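> Please find one structure pasted underneath; my questions will follow.
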Amino acid sequence: MQLENEIKKEDSSLVARKKFVLKKRTNIKKDYKVDYENELNLKQLEAVVAKEGAFLVIAGAGSGKTKTLTYRTARLIEDGVDPRNILLLTFTRKASVEMLNRASLVLDDRCENVAGGTFHSFSNMILRRYSNFLGLKNNFTIMDQSDAEDVIQHITGLLYPKKEKRFPKKSTILEIYSKSVNKETPVKEIIDKEYYNFVEVEDKIIEIQKAYVKYKREKSLLDYDDLLLYLKFLLSENENIRKKLSNKYKYIMIDEYQDTNALQADIIKLLASEHNNVMAVGDDSQSIYSFRGANYKNILEFPSIFDNVKIIKLEQNYRSSQNILNLTNKIISKAKEGFSKKLFSEIIDEKKPAIIRARNSQIEAEFVCQKILELLDEDISLNDICVLIRNARMSYNLEIELSKSNIPFQKFGGPKFMDSAHIKDIIAHLRVILNPDDTVSLNRILLLLKGIGTKAVNSIIPVIQNNSFDCKFIESKYIGSIKPLFSVLSDAGVEENLQKIIESLINYYKPILKEKYDDWQKREKDLEHFIYLSKQYKKLDSFLSDLALEPPEASVEGMYKRNVKDDCLTISTIHSAKGLEWNSVFIIGAVDGRFPSAYSFNSMEELDEELRLMYVATTRAKSNLFISYPIDMYDYATGMILSKPSRFLDDIDESMLEPWDIEEEP
């Protein structure tokens, strides 16, 4: 007892001797280089300062989505995050480069070290680094869509030389396989639901798929979908690599999240498995790419996939007048599901959007031309005027009228640079240099030679793949034709300078170009452009990968233009116009049955996507918006006369949409 009392006494004395120093707490504000509070509105700022955790930013049209991502990148770096630990995934290389360049202007050059790119380019980089874990050769070739279709055609010909009359085209077969991969759905189910007219040959399509997968594996070929498929497999089956990559990319941002497919959503989940630091930015109201495999549900289900998601809505629009936004808000309110939002703007313009009824498509086209000329008189540049169409065939009458009126225009949808036969010839040669197992490319370059037919090709290809480019193993009757080709390919195989390889190859190819094409002089300009593109690269594999993943849009000679000088009007499909803006926008052919398409009437999901397409079209306009429709459009598919305006414009009164009738002058 005495001991206990002594202990208590000792404790008491210790308490008595303890001293406390009280300091006044002050809120210390970090000194940031960027003035975020004054540069951003409150909702943008909320997204930019968000750091740890999962965030879904619903960014309405024209609400400064790119600016928000740019400033968040800068803010993370100012908060001490190593730029190499930030991953910014976009859907085009252009978008990625633009954001990182803008971030560098906002902050400094540290932003250039941020890992950025498209899903496919990121996958390509990771797969080349870890190819041995997947049984892949490091020099695998990436096929574009055309190459993949050729492989399918080759396999189909081998398996089924005599096909049924109702057998799908190679492009349709590839489309079925792509949807199967991106939707993570068996091929049989895709055919049964979406391609039921080919159910009778279902077993053969599945058999071709198996052979296609085996062929790609044997030849070290990957198509676009394989890049995502292999990356998901790598992350899900190799825990050490998944953890390593997740810990490296501690802060992940995804642009245009509404355009992701099921496979991409899975990849993001795996990459974020160690930290849950994900910011998805997108707009469910602008999900219009289901035909590419995009899954509209991804953005809706994001809050249930990731833990403790905070939703931030950007609703202030910096593009359009409030009168235009009143209409767009009304249109998108008809959607069956989605995140509720209401765009608003400080831009005040008395002009209201107009709905124009025309007697027929010809009168509609004449009206558009006349109105364009009036806009020019108001000092609106042709570059700031666009005509939007639901599909590429709907502008035929307009193009004729524009030509009559000498109004220069360009139409999005001309021949693609990478689809040009002469460019594919050059690329085929380069792919063979990199990967002699690429049978499709070997077949293409051998058939360019005089005296070499299919029979000769079938005997030469195995020799090349076993002995490289050595003429002594080739039958003597073919040596004269083959020798120049083998010479340029073997020289290229030991040459380290990429420009020298390409220049040498093009010099070899020019006589073939002149022999094969009557318009070779025009095509030669594309070859010059090809050399220019290659100057940005040091390695052949990087150059070929980027050409496949981010192909140049149009051929130098192939761009579809009419009377183009400095300024020109734009005609574009709505899908091609997403992300762009103009002062004045015309939406033509807005007749029910064409927009929305009659094919969407029996599917609520498809009809909702058509509605979102109308929303995207109307939100491209800054100041002037004209929606027109003819009242006697004959639809060959249904055999019906279409005469009513789009159902998406029903119940919209004159306070939002002015009705106009076109009256012809006597």
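Residues are named by chain letter and number: chains run A, B, ... in the order of the structure tokens, numbers start at 1 in each chain, and ligands are numbered from 1 in the order shown.
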Against range 115-129 of chain A, which residues of range 545-627 of chain A fall within 9 Å? For each one I want the closest pair of atoms and the distance in Å (one decimal), counting only C-alpha atoms, rows by chain and increasing residue number, as JSON lines.


```
{"residue": "A:Ser545", "atom": "CA", "partner": "A:Asn124", "partner_atom": "CA", "distance": 7.9}
{"residue": "A:Asp546", "atom": "CA", "partner": "A:Ser121", "partner_atom": "CA", "distance": 7.6}
{"residue": "A:Leu549", "atom": "CA", "partner": "A:Ser121", "partner_atom": "CA", "distance": 6.5}
{"residue": "A:Glu550", "atom": "CA", "partner": "A:Ser121", "partner_atom": "CA", "distance": 8.5}
```

> Atoms to include: C-alpha atoms. Write the selected residues as a PDB file, in the first residue's frame.


```
ATOM      1  CA  SER A 545       3.287   1.858 -84.576  1.00  0.00           C
ATOM      2  CA  ASP A 546       2.278   5.522 -84.627  1.00  0.00           C
ATOM      3  CA  LEU A 549      -2.391   3.956 -84.041  1.00  0.00           C
ATOM      4  CA  GLU A 550      -2.699   7.600 -85.121  1.00  0.00           C
TER       5      GLU A 550
END
```

> I need the strand (DSSP E) residues of range 84-143 of chain A per DSSP on the backbone, written as a PyMOL selection string.

chain A and resi 86-90+115-118+141-142

> Write out as an MDAnalysis selection string the residues lying within 9 Å of range 488-501 of chain A, counting only C-alpha atoms and excluding same-chain residues fewer than 6 positions away.

chainID A and resid 429:430 432:434 468:470 508 531 534:535 537:540

> Tell me which of A:Leu533, A:Ile299, A:Ile574, A:Ile588 sits closest to Val368 in chain A, counting only C-alpha atoms.

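Counting only C-alpha atoms, the residue closest to Val368 in chain A is A:Ile588.
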
> Can you work out which one of A:Gln153, A:Ser487, A:Ser584, A:Thr90 has the shortest atom-to-atom distance to Thr619 in chain A, counting only C-alpha atoms?

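Looking only at the distances to Thr619 in chain A, the closest residue turns out to be A:Ser584.
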
> For a quick check of understanding, using only C-alpha atoms, which of A:Lys336, A:Lys622, A:Lys219, A:Arg444 has the smallest distance to Ala428 in chain A?

A:Arg444

> Which residue out of A:Gln370, A:Asn261, A:Thr156, A:Ser381 has the minimum interatomic distance to Leu398 in chain A when only C-alpha atoms are used?

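So, comparing all the options, the nearest one is A:Gln370.
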
> Can you list, as a PDB file with all heavy atoms, in the first residue's frame, every protein, DNA or RNA residue that comes within 12 Å of Ile312 in chain A when you count only C-alpha atoms, leaving out same-chain residues fewer than 5 positions away?


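Output saved as around03.pdb:
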```
ATOM      1  N   LEU A  42     -15.913  28.087 -60.073  1.00  0.00           N
ATOM      2  CA  LEU A  42     -15.910  27.332 -58.817  1.00  0.00           C
ATOM      3  C   LEU A  42     -15.915  25.819 -59.031  1.00  0.00           C
ATOM      4  O   LEU A  42     -15.222  25.073 -58.329  1.00  0.00           O
ATOM      5  CB  LEU A  42     -17.118  27.742 -57.958  1.00  0.00           C
ATOM      6  CG  LEU A  42     -17.044  29.154 -57.355  1.00  0.00           C
ATOM      7  CD1 LEU A  42     -18.323  29.480 -56.602  1.00  0.00           C
ATOM      8  CD2 LEU A  42     -15.832  29.273 -56.418  1.00  0.00           C
ATOM      9  N   LYS A  43     -16.685  25.349 -60.012  1.00  0.00           N
ATOM     10  CA  LYS A  43     -16.763  23.906 -60.261  1.00  0.00           C
ATOM     11  C   LYS A  43     -15.480  23.387 -60.920  1.00  0.00           C
ATOM     12  O   LYS A  43     -15.013  22.290 -60.612  1.00  0.00           O
ATOM     13  CB  LYS A  43     -17.985  23.576 -61.127  1.00  0.00           C
ATOM     14  CG  LYS A  43     -19.300  23.658 -60.367  1.00  0.00           C
ATOM     15  CD  LYS A  43     -19.335  22.616 -59.247  1.00  0.00           C
ATOM     16  CE  LYS A  43     -20.613  22.675 -58.441  1.00  0.00           C
ATOM     17  NZ  LYS A  43     -20.635  21.659 -57.356  1.00  0.00           N
ATOM     18  N   GLN A  44     -14.922  24.177 -61.823  1.00  0.00           N
ATOM     19  CA  GLN A  44     -13.638  23.791 -62.410  1.00  0.00           C
ATOM     20  C   GLN A  44     -12.568  23.712 -61.332  1.00  0.00           C
ATOM     21  O   GLN A  44     -11.765  22.772 -61.292  1.00  0.00           O
ATOM     22  CB  GLN A  44     -13.225  24.803 -63.479  1.00  0.00           C
ATOM     23  CG  GLN A  44     -14.050  24.760 -64.755  1.00  0.00           C
ATOM     24  CD  GLN A  44     -13.710  25.900 -65.706  1.00  0.00           C
ATOM     25  OE1 GLN A  44     -13.195  26.944 -65.282  1.00  0.00           O
ATOM     26  NE2 GLN A  44     -13.992  25.720 -66.986  1.00  0.00           N
ATOM     27  N   LEU A  45     -12.571  24.705 -60.437  1.00  0.00           N
ATOM     28  CA  LEU A  45     -11.595  24.739 -59.345  1.00  0.00           C
ATOM     29  C   LEU A  45     -11.750  23.523 -58.437  1.00  0.00           C
ATOM     30  O   LEU A  45     -10.763  22.910 -58.013  1.00  0.00           O
ATOM     31  CB  LEU A  45     -11.763  26.029 -58.533  1.00  0.00           C
ATOM     32  CG  LEU A  45     -10.780  26.231 -57.375  1.00  0.00           C
ATOM     33  CD1 LEU A  45      -9.349  26.354 -57.899  1.00  0.00           C
ATOM     34  CD2 LEU A  45     -11.151  27.466 -56.553  1.00  0.00           C
ATOM     35  N   GLU A  46     -12.999  23.140 -58.173  1.00  0.00           N
ATOM     36  CA  GLU A  46     -13.252  21.971 -57.326  1.00  0.00           C
ATOM     37  C   GLU A  46     -12.626  20.716 -57.942  1.00  0.00           C
ATOM     38  O   GLU A  46     -12.045  19.885 -57.242  1.00  0.00           O
ATOM     39  CB  GLU A  46     -14.766  21.769 -57.160  1.00  0.00           C
ATOM     40  CG  GLU A  46     -15.123  20.647 -56.214  1.00  0.00           C
ATOM     41  CD  GLU A  46     -16.633  20.448 -56.070  1.00  0.00           C
ATOM     42  OE1 GLU A  46     -17.403  21.276 -56.612  1.00  0.00           O
ATOM     43  OE2 GLU A  46     -17.035  19.449 -55.433  1.00  0.00           O
ATOM     44  N   ALA A  47     -12.744  20.598 -59.262  1.00  0.00           N
ATOM     45  CA  ALA A  47     -12.158  19.435 -59.946  1.00  0.00           C
ATOM     46  C   ALA A  47     -10.636  19.509 -59.963  1.00  0.00           C
ATOM     47  O   ALA A  47      -9.952  18.495 -59.806  1.00  0.00           O
ATOM     48  CB  ALA A  47     -12.698  19.354 -61.377  1.00  0.00           C
ATOM     49  N   VAL A  48     -10.102  20.707 -60.131  1.00  0.00           N
ATOM     50  CA  VAL A  48      -8.650  20.887 -60.251  1.00  0.00           C
ATOM     51  C   VAL A  48      -7.934  20.613 -58.932  1.00  0.00           C
ATOM     52  O   VAL A  48      -6.860  20.008 -58.908  1.00  0.00           O
ATOM     53  CB  VAL A  48      -8.330  22.307 -60.775  1.00  0.00           C
ATOM     54  CG1 VAL A  48      -6.870  22.662 -60.562  1.00  0.00           C
ATOM     55  CG2 VAL A  48      -8.690  22.404 -62.254  1.00  0.00           C
ATOM     56  N   VAL A  49      -8.510  21.029 -57.816  1.00  0.00           N
ATOM     57  CA  VAL A  49      -7.837  20.851 -56.526  1.00  0.00           C
ATOM     58  C   VAL A  49      -8.081  19.456 -55.944  1.00  0.00           C
ATOM     59  O   VAL A  49      -7.431  19.057 -54.985  1.00  0.00           O
ATOM     60  CB  VAL A  49      -8.269  21.924 -55.499  1.00  0.00           C
ATOM     61  CG1 VAL A  49      -7.941  23.314 -56.004  1.00  0.00           C
ATOM     62  CG2 VAL A  49      -9.748  21.806 -55.154  1.00  0.00           C
ATOM     63  N   ALA A  50      -9.025  18.706 -56.530  1.00  0.00           N
ATOM     64  CA  ALA A  50      -9.274  17.337 -56.072  1.00  0.00           C
ATOM     65  C   ALA A  50      -8.019  16.506 -56.292  1.00  0.00           C
ATOM     66  O   ALA A  50      -7.445  16.513 -57.375  1.00  0.00           O
ATOM     67  CB  ALA A  50     -10.456  16.747 -56.838  1.00  0.00           C
ATOM     68  N   ALA A  54     -11.366   8.933 -56.045  1.00  0.00           N
ATOM     69  CA  ALA A  54     -11.986   8.787 -57.368  1.00  0.00           C
ATOM     70  C   ALA A  54     -12.983   9.915 -57.603  1.00  0.00           C
ATOM     71  O   ALA A  54     -13.797  10.232 -56.733  1.00  0.00           O
ATOM     72  CB  ALA A  54     -12.682   7.431 -57.465  1.00  0.00           C
ATOM     73  N   PHE A  55     -12.908  10.499 -58.809  1.00  0.00           N
ATOM     74  CA  PHE A  55     -13.768  11.628 -59.155  1.00  0.00           C
ATOM     75  C   PHE A  55     -14.345  11.426 -60.552  1.00  0.00           C
ATOM     76  O   PHE A  55     -13.641  10.994 -61.469  1.00  0.00           O
ATOM     77  CB  PHE A  55     -12.991  12.949 -59.127  1.00  0.00           C
ATOM     78  CG  PHE A  55     -12.360  13.247 -57.801  1.00  0.00           C
ATOM     79  CD1 PHE A  55     -11.073  12.804 -57.507  1.00  0.00           C
ATOM     80  CD2 PHE A  55     -13.061  13.954 -56.830  1.00  0.00           C
ATOM     81  CE1 PHE A  55     -10.489  13.059 -56.276  1.00  0.00           C
ATOM     82  CE2 PHE A  55     -12.482  14.220 -55.598  1.00  0.00           C
ATOM     83  CZ  PHE A  55     -11.197  13.770 -55.314  1.00  0.00           C
ATOM     84  N   LEU A  56     -15.611  11.743 -60.695  1.00  0.00           N
ATOM     85  CA  LEU A  56     -16.266  11.738 -62.001  1.00  0.00           C
ATOM     86  C   LEU A  56     -16.675  13.159 -62.317  1.00  0.00           C
ATOM     87  O   LEU A  56     -17.504  13.753 -61.612  1.00  0.00           O
ATOM     88  CB  LEU A  56     -17.492  10.825 -61.991  1.00  0.00           C
ATOM     89  CG  LEU A  56     -18.321  10.800 -63.280  1.00  0.00           C
ATOM     90  CD1 LEU A  56     -17.491  10.334 -64.465  1.00  0.00           C
ATOM     91  CD2 LEU A  56     -19.564   9.917 -63.118  1.00  0.00           C
ATOM     92  N   VAL A  57     -16.066  13.732 -63.350  1.00  0.00           N
ATOM     93  CA  VAL A  57     -16.369  15.108 -63.749  1.00  0.00           C
ATOM     94  C   VAL A  57     -17.284  15.054 -64.967  1.00  0.00           C
ATOM     95  O   VAL A  57     -16.865  14.647 -66.055  1.00  0.00           O
ATOM     96  CB  VAL A  57     -15.077  15.896 -64.070  1.00  0.00           C
ATOM     97  CG1 VAL A  57     -15.421  17.313 -64.498  1.00  0.00           C
ATOM     98  CG2 VAL A  57     -14.152  15.911 -62.855  1.00  0.00           C
ATOM     99  N   ILE A  58     -18.542  15.430 -64.771  1.00  0.00           N
ATOM    100  CA  ILE A  58     -19.498  15.496 -65.877  1.00  0.00           C
ATOM    101  C   ILE A  58     -19.347  16.868 -66.512  1.00  0.00           C
ATOM    102  O   ILE A  58     -19.782  17.880 -65.968  1.00  0.00           O
ATOM    103  CB  ILE A  58     -20.940  15.277 -65.378  1.00  0.00           C
ATOM    104  CG1 ILE A  58     -21.063  13.935 -64.668  1.00  0.00           C
ATOM    105  CG2 ILE A  58     -21.920  15.371 -66.542  1.00  0.00           C
ATOM    106  CD1 ILE A  58     -20.779  12.738 -65.543  1.00  0.00           C
ATOM    107  N   ALA A  59     -18.681  16.899 -67.669  1.00  0.00           N
ATOM    108  CA  ALA A  59     -18.340  18.170 -68.321  1.00  0.00           C
ATOM    109  C   ALA A  59     -19.267  18.402 -69.508  1.00  0.00           C
ATOM    110  O   ALA A  59     -19.112  17.784 -70.563  1.00  0.00           O
ATOM    111  CB  ALA A  59     -16.881  18.139 -68.790  1.00  0.00           C
ATOM    112  N   GLY A  60     -20.251  19.275 -69.324  1.00  0.00           N
ATOM    113  CA  GLY A  60     -21.177  19.598 -70.403  1.00  0.00           C
ATOM    114  C   GLY A  60     -20.460  20.215 -71.590  1.00  0.00           C
ATOM    115  O   GLY A  60     -19.320  20.677 -71.487  1.00  0.00           O
ATOM    116  N   LYS A  65     -13.680  21.583 -70.476  1.00  0.00           N
ATOM    117  CA  LYS A  65     -13.156  20.280 -70.067  1.00  0.00           C
ATOM    118  C   LYS A  65     -11.637  20.207 -70.219  1.00  0.00           C
ATOM    119  O   LYS A  65     -10.929  19.787 -69.306  1.00  0.00           O
ATOM    120  CB  LYS A  65     -13.830  19.191 -70.908  1.00  0.00           C
ATOM    121  CG  LYS A  65     -13.199  17.822 -70.825  1.00  0.00           C
ATOM    122  CD  LYS A  65     -13.957  16.823 -71.677  1.00  0.00           C
ATOM    123  CE  LYS A  65     -13.862  17.138 -73.151  1.00  0.00           C
ATOM    124  NZ  LYS A  65     -12.521  16.880 -73.710  1.00  0.00           N
ATOM    125  N   THR A  68      -9.848  22.272 -67.668  1.00  0.00           N
ATOM    126  CA  THR A  68      -9.893  21.652 -66.343  1.00  0.00           C
ATOM    127  C   THR A  68      -8.827  20.575 -66.208  1.00  0.00           C
ATOM    128  O   THR A  68      -8.097  20.514 -65.209  1.00  0.00           O
ATOM    129  CB  THR A  68     -11.297  21.064 -66.085  1.00  0.00           C
ATOM    130  OG1 THR A  68     -12.271  22.111 -66.203  1.00  0.00           O
ATOM    131  CG2 THR A  68     -11.381  20.435 -64.707  1.00  0.00           C
ATOM    132  N   MET A 279      -9.548  10.099 -62.062  1.00  0.00           N
ATOM    133  CA  MET A 279     -10.496  11.147 -62.432  1.00  0.00           C
ATOM    134  C   MET A 279     -10.946  10.890 -63.864  1.00  0.00           C
ATOM    135  O   MET A 279     -10.152  10.943 -64.802  1.00  0.00           O
ATOM    136  CB  MET A 279      -9.885  12.546 -62.324  1.00  0.00           C
ATOM    137  CG  MET A 279     -10.875  13.633 -62.774  1.00  0.00           C
ATOM    138  SD  MET A 279     -10.282  15.328 -62.496  1.00  0.00           S
ATOM    139  CE  MET A 279     -10.620  15.510 -60.740  1.00  0.00           C
ATOM    140  N   ALA A 280     -12.219  10.557 -64.004  1.00  0.00           N
ATOM    141  CA  ALA A 280     -12.814  10.358 -65.334  1.00  0.00           C
ATOM    142  C   ALA A 280     -13.577  11.614 -65.705  1.00  0.00           C
ATOM    143  O   ALA A 280     -14.408  12.096 -64.931  1.00  0.00           O
ATOM    144  CB  ALA A 280     -13.739   9.155 -65.315  1.00  0.00           C
ATOM    145  N   VAL A 281     -13.272  12.142 -66.888  1.00  0.00           N
ATOM    146  CA  VAL A 281     -13.927  13.370 -67.353  1.00  0.00           C
ATOM    147  C   VAL A 281     -14.679  13.053 -68.635  1.00  0.00           C
ATOM    148  O   VAL A 281     -14.126  12.446 -69.560  1.00  0.00           O
ATOM    149  CB  VAL A 281     -12.890  14.486 -67.620  1.00  0.00           C
ATOM    150  CG1 VAL A 281     -13.578  15.757 -68.084  1.00  0.00           C
ATOM    151  CG2 VAL A 281     -12.066  14.753 -66.363  1.00  0.00           C
ATOM    152  N   GLY A 282     -15.940  13.420 -68.689  1.00  0.00           N
ATOM    153  CA  GLY A 282     -16.711  13.145 -69.893  1.00  0.00           C
ATOM    154  C   GLY A 282     -18.120  13.688 -69.773  1.00  0.00           C
ATOM    155  O   GLY A 282     -18.469  14.365 -68.801  1.00  0.00           O
ATOM    156  N   ASP A 283     -18.923  13.386 -70.781  1.00  0.00           N
ATOM    157  CA  ASP A 283     -20.297  13.864 -70.811  1.00  0.00           C
ATOM    158  C   ASP A 283     -21.169  12.739 -71.357  1.00  0.00           C
ATOM    159  O   ASP A 283     -21.073  12.391 -72.533  1.00  0.00           O
ATOM    160  CB  ASP A 283     -20.405  15.108 -71.706  1.00  0.00           C
ATOM    161  CG  ASP A 283     -21.804  15.709 -71.725  1.00  0.00           C
ATOM    162  OD1 ASP A 283     -22.672  15.208 -70.989  1.00  0.00           O
ATOM    163  OD2 ASP A 283     -22.025  16.677 -72.486  1.00  0.00           O
ATOM    164  N   PRO A 303     -19.587   5.485 -60.688  1.00  0.00           N
ATOM    165  CA  PRO A 303     -19.686   5.612 -59.226  1.00  0.00           C
ATOM    166  C   PRO A 303     -19.828   4.282 -58.496  1.00  0.00           C
ATOM    167  O   PRO A 303     -19.508   4.193 -57.308  1.00  0.00           O
ATOM    168  CB  PRO A 303     -20.944   6.472 -59.037  1.00  0.00           C
ATOM    169  CG  PRO A 303     -21.084   7.228 -60.319  1.00  0.00           C
ATOM    170  CD  PRO A 303     -20.634   6.270 -61.376  1.00  0.00           C
ATOM    171  N   PHE A 339     -26.967  11.642 -66.332  1.00  0.00           N
ATOM    172  CA  PHE A 339     -26.789  12.583 -65.224  1.00  0.00           C
ATOM    173  C   PHE A 339     -27.503  13.887 -65.567  1.00  0.00           C
ATOM    174  O   PHE A 339     -27.314  14.443 -66.653  1.00  0.00           O
ATOM    175  CB  PHE A 339     -25.300  12.846 -64.996  1.00  0.00           C
ATOM    176  CG  PHE A 339     -24.552  11.649 -64.496  1.00  0.00           C
ATOM    177  CD1 PHE A 339     -23.781  10.883 -65.361  1.00  0.00           C
ATOM    178  CD2 PHE A 339     -24.613  11.277 -63.165  1.00  0.00           C
ATOM    179  CE1 PHE A 339     -23.086   9.772 -64.915  1.00  0.00           C
ATOM    180  CE2 PHE A 339     -23.922  10.165 -62.696  1.00  0.00           C
ATOM    181  CZ  PHE A 339     -23.162   9.411 -63.572  1.00  0.00           C
ATOM    182  N   SER A 340     -28.310  14.372 -64.645  1.00  0.00           N
ATOM    183  CA  SER A 340     -29.035  15.618 -64.894  1.00  0.00           C
ATOM    184  C   SER A 340     -28.066  16.796 -64.832  1.00  0.00           C
ATOM    185  O   SER A 340     -27.188  16.856 -63.967  1.00  0.00           O
ATOM    186  CB  SER A 340     -30.145  15.801 -63.861  1.00  0.00           C
ATOM    187  OG  SER A 340     -29.585  15.916 -62.560  1.00  0.00           O
ATOM    188  N   LYS A 341     -28.230  17.705 -65.771  1.00  0.00           N
ATOM    189  CA  LYS A 341     -27.436  18.938 -65.767  1.00  0.00           C
ATOM    190  C   LYS A 341     -28.154  19.969 -66.625  1.00  0.00           C
ATOM    191  O   LYS A 341     -28.957  19.630 -67.494  1.00  0.00           O
ATOM    192  CB  LYS A 341     -26.017  18.690 -66.292  1.00  0.00           C
ATOM    193  CG  LYS A 341     -25.944  18.179 -67.704  1.00  0.00           C
ATOM    194  CD  LYS A 341     -24.498  17.951 -68.115  1.00  0.00           C
ATOM    195  CE  LYS A 341     -24.415  17.301 -69.475  1.00  0.00           C
ATOM    196  NZ  LYS A 341     -25.045  15.977 -69.525  1.00  0.00           N
TER     197      LYS A 341
END
```

> Rounded to one decimal place, report the CA of Gln264 in chain A-CA of Asn298 in chain A distance in Å.

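So the answer is 9.5 Å.
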
> How close does range 253-342 of chain A get to range 179-199 of chain A? List, as CSV, each residue of range 253-342 of chain A within 12 Å, its nearest atom pair and the distance in Å to one decimal, counting only C-alpha atoms.


```
residue,atom,partner,partner_atom,distance
A:Asp259,CA,A:Asn182,CA,11.7
A:Thr260,CA,A:Asn182,CA,9.3
A:Asn261,CA,A:Asn182,CA,5.9
A:Ala262,CA,A:Lys183,CA,5.5
A:Leu263,CA,A:Asn182,CA,5.6
A:Gln264,CA,A:Asn182,CA,8.1
A:Ala265,CA,A:Asn182,CA,10.2
A:Asp266,CA,A:Glu184,CA,10.3
A:Ile267,CA,A:Asn182,CA,11.7
A:Ser290,CA,A:Lys179,CA,9.7
A:Phe291,CA,A:Lys179,CA,8.6
A:Arg292,CA,A:Lys179,CA,7.7
A:Gly293,CA,A:Lys179,CA,5.8
A:Ala294,CA,A:Asn182,CA,7.9
A:Asn295,CA,A:Lys183,CA,7.7
A:Tyr296,CA,A:Lys183,CA,11.3
A:Lys297,CA,A:Lys183,CA,11.3
A:Asn298,CA,A:Lys183,CA,11.2
```

> Would you mind listing, for every residue of range 361-450 of chain A within 10 Å of range 480-485 of chain A, the two atoms forming the shortest contact and the distance between them in Å to one decimal, using only C-alpha atoms, sorted by chain and ascending residue number, as CSV?


```
residue,atom,partner,partner_atom,distance
A:His429,CA,A:Leu485,CA,9.3
A:Ile445,CA,A:Leu485,CA,8.8
A:Leu446,CA,A:Ile482,CA,8.0
A:Leu448,CA,A:Ser481,CA,10.0
A:Leu449,CA,A:Ser481,CA,6.3
A:Lys450,CA,A:Ser481,CA,6.4
```

> Pick out the residues sitting within 12 Å of range 358-364 of chain A, and hand them over as a VMD selection string; count only C-alpha atoms, and ignore anything fewer than 5 positions along from it in its own chain.

chain A and resid 369 to 371 394 to 402 586 to 591 626 to 634 641 to 645 659 to 665

> So that I can check the surroundings of Ala103 in chain A, please list as a PyMOL selection string every protein, DNA and RNA residue that reaches within 9 Å of it, counting only C-alpha atoms and ignoring chain neighbours fewer than 4 positions away.

chain A and resi 67+69-74+98-99+107-109+111-112

> Generate a file of the selected residues that holds N, CA and C atoms, formatted as a CSV table (one decimal), in the first residue's frame.


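What follows is the written file result-v3.csv:
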```
chain,number,residue,atom,x,y,z
A,67,LYS,N,-9.5,22.7,-70.4
A,67,LYS,CA,-8.9,23.6,-69.5
A,67,LYS,C,-8.8,22.9,-68.1
A,69,LEU,N,-8.7,19.7,-67.2
A,69,LEU,CA,-7.7,18.7,-67.2
A,69,LEU,C,-6.3,19.3,-67.2
A,70,THR,N,-6.1,20.3,-68.0
A,70,THR,CA,-4.8,21.0,-68.1
A,70,THR,C,-4.4,21.5,-66.8
A,71,TYR,N,-5.3,22.3,-66.1
A,71,TYR,CA,-5.0,22.9,-64.8
A,71,TYR,C,-4.8,21.9,-63.7
A,72,ARG,N,-5.6,20.8,-63.8
A,72,ARG,CA,-5.4,19.8,-62.7
A,72,ARG,C,-4.0,19.1,-62.9
A,73,THR,N,-3.5,18.9,-64.1
A,73,THR,CA,-2.2,18.4,-64.3
A,73,THR,C,-1.2,19.3,-63.6
A,74,ALA,N,-1.3,20.6,-63.9
A,74,ALA,CA,-0.4,21.6,-63.3
A,74,ALA,C,-0.5,21.6,-61.8
A,98,GLU,N,-2.1,18.4,-77.1
A,98,GLU,CA,-2.6,19.7,-76.9
A,98,GLU,C,-2.7,20.0,-75.4
A,99,MET,N,-3.2,19.0,-74.6
A,99,MET,CA,-3.3,19.2,-73.2
A,99,MET,C,-2.0,19.4,-72.5
A,107,LEU,N,2.1,26.1,-66.5
A,107,LEU,CA,3.1,25.9,-65.4
A,107,LEU,C,4.5,26.0,-66.0
A,108,ASP,N,5.1,24.9,-66.3
A,108,ASP,CA,6.4,24.9,-66.9
A,108,ASP,C,6.7,23.6,-67.6
A,109,ASP,N,7.9,23.4,-68.0
A,109,ASP,CA,8.3,22.2,-68.8
A,109,ASP,C,8.2,20.9,-68.1
A,111,CYS,N,5.6,19.6,-67.1
A,111,CYS,CA,4.4,18.9,-67.6
A,111,CYS,C,4.7,18.0,-68.8
A,112,GLU,N,5.8,18.2,-69.4
A,112,GLU,CA,6.1,17.4,-70.6
A,112,GLU,C,6.5,16.0,-70.2
```

> Just give me the gap between CA of Ala211 in chain A and CA of Lys232 in chain A in Å, one decimal is fine.

22.0 Å

> From the set A:Phe140, A:Tyr177, A:Phe344, A:Tyr212, which residue has the shortest atom-to-atom contact distance to Ile152 in chain A, counting only C-alpha atoms?

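Ranking A:Phe140, A:Tyr177, A:Phe344, A:Tyr212 by distance to Ile152 in chain A, first place goes to A:Tyr212.
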
> Identify, on the basis of only C-alpha atoms, every residue whose closest approach to Ile506 in chain A does not exceed 10 Å; exclude the query and any residue fewer than 6 positions from it along the same chain; express the result as a list in words.

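After dropping sequence-adjacent residues, the list is Ile426, His429, Lys500, Ile512, Leu513, Glu524, Leu527, Glu528, Phe530 and Ile531 of chain A.
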
> Based on DSSP run over this structure's backbone, return all residues of range 380-598 of chain A in helix (DSSP H, G or I), as a PyMOL selection string.

chain A and resi 382-384+392-404+417-419+421-434+439-446+454-467+471-473+476-494+498-516+520-534+540-549+574-577+598

> Do you have, as CSV, the list of residues of range 602-624 of chain A lying at most 12 Å from range 575-578 of chain A, each with its nearest atom pair and that distance in Å to one decimal, counting only C-alpha atoms and ordered by chain then number?


```
residue,atom,partner,partner_atom,distance
A:Glu609,CA,A:His575,CA,11.6
A:Glu610,CA,A:His575,CA,11.0
A:Arg612,CA,A:His575,CA,10.9
A:Leu613,CA,A:His575,CA,7.8
A:Met614,CA,A:His575,CA,10.4
A:Tyr615,CA,A:Lys578,CA,10.5
A:Val616,CA,A:Lys578,CA,6.7
A:Ala617,CA,A:Ala577,CA,7.8
A:Thr618,CA,A:Lys578,CA,10.7
A:Thr619,CA,A:Lys578,CA,9.3
A:Arg620,CA,A:Lys578,CA,7.8
A:Ala621,CA,A:Ala577,CA,11.1
```
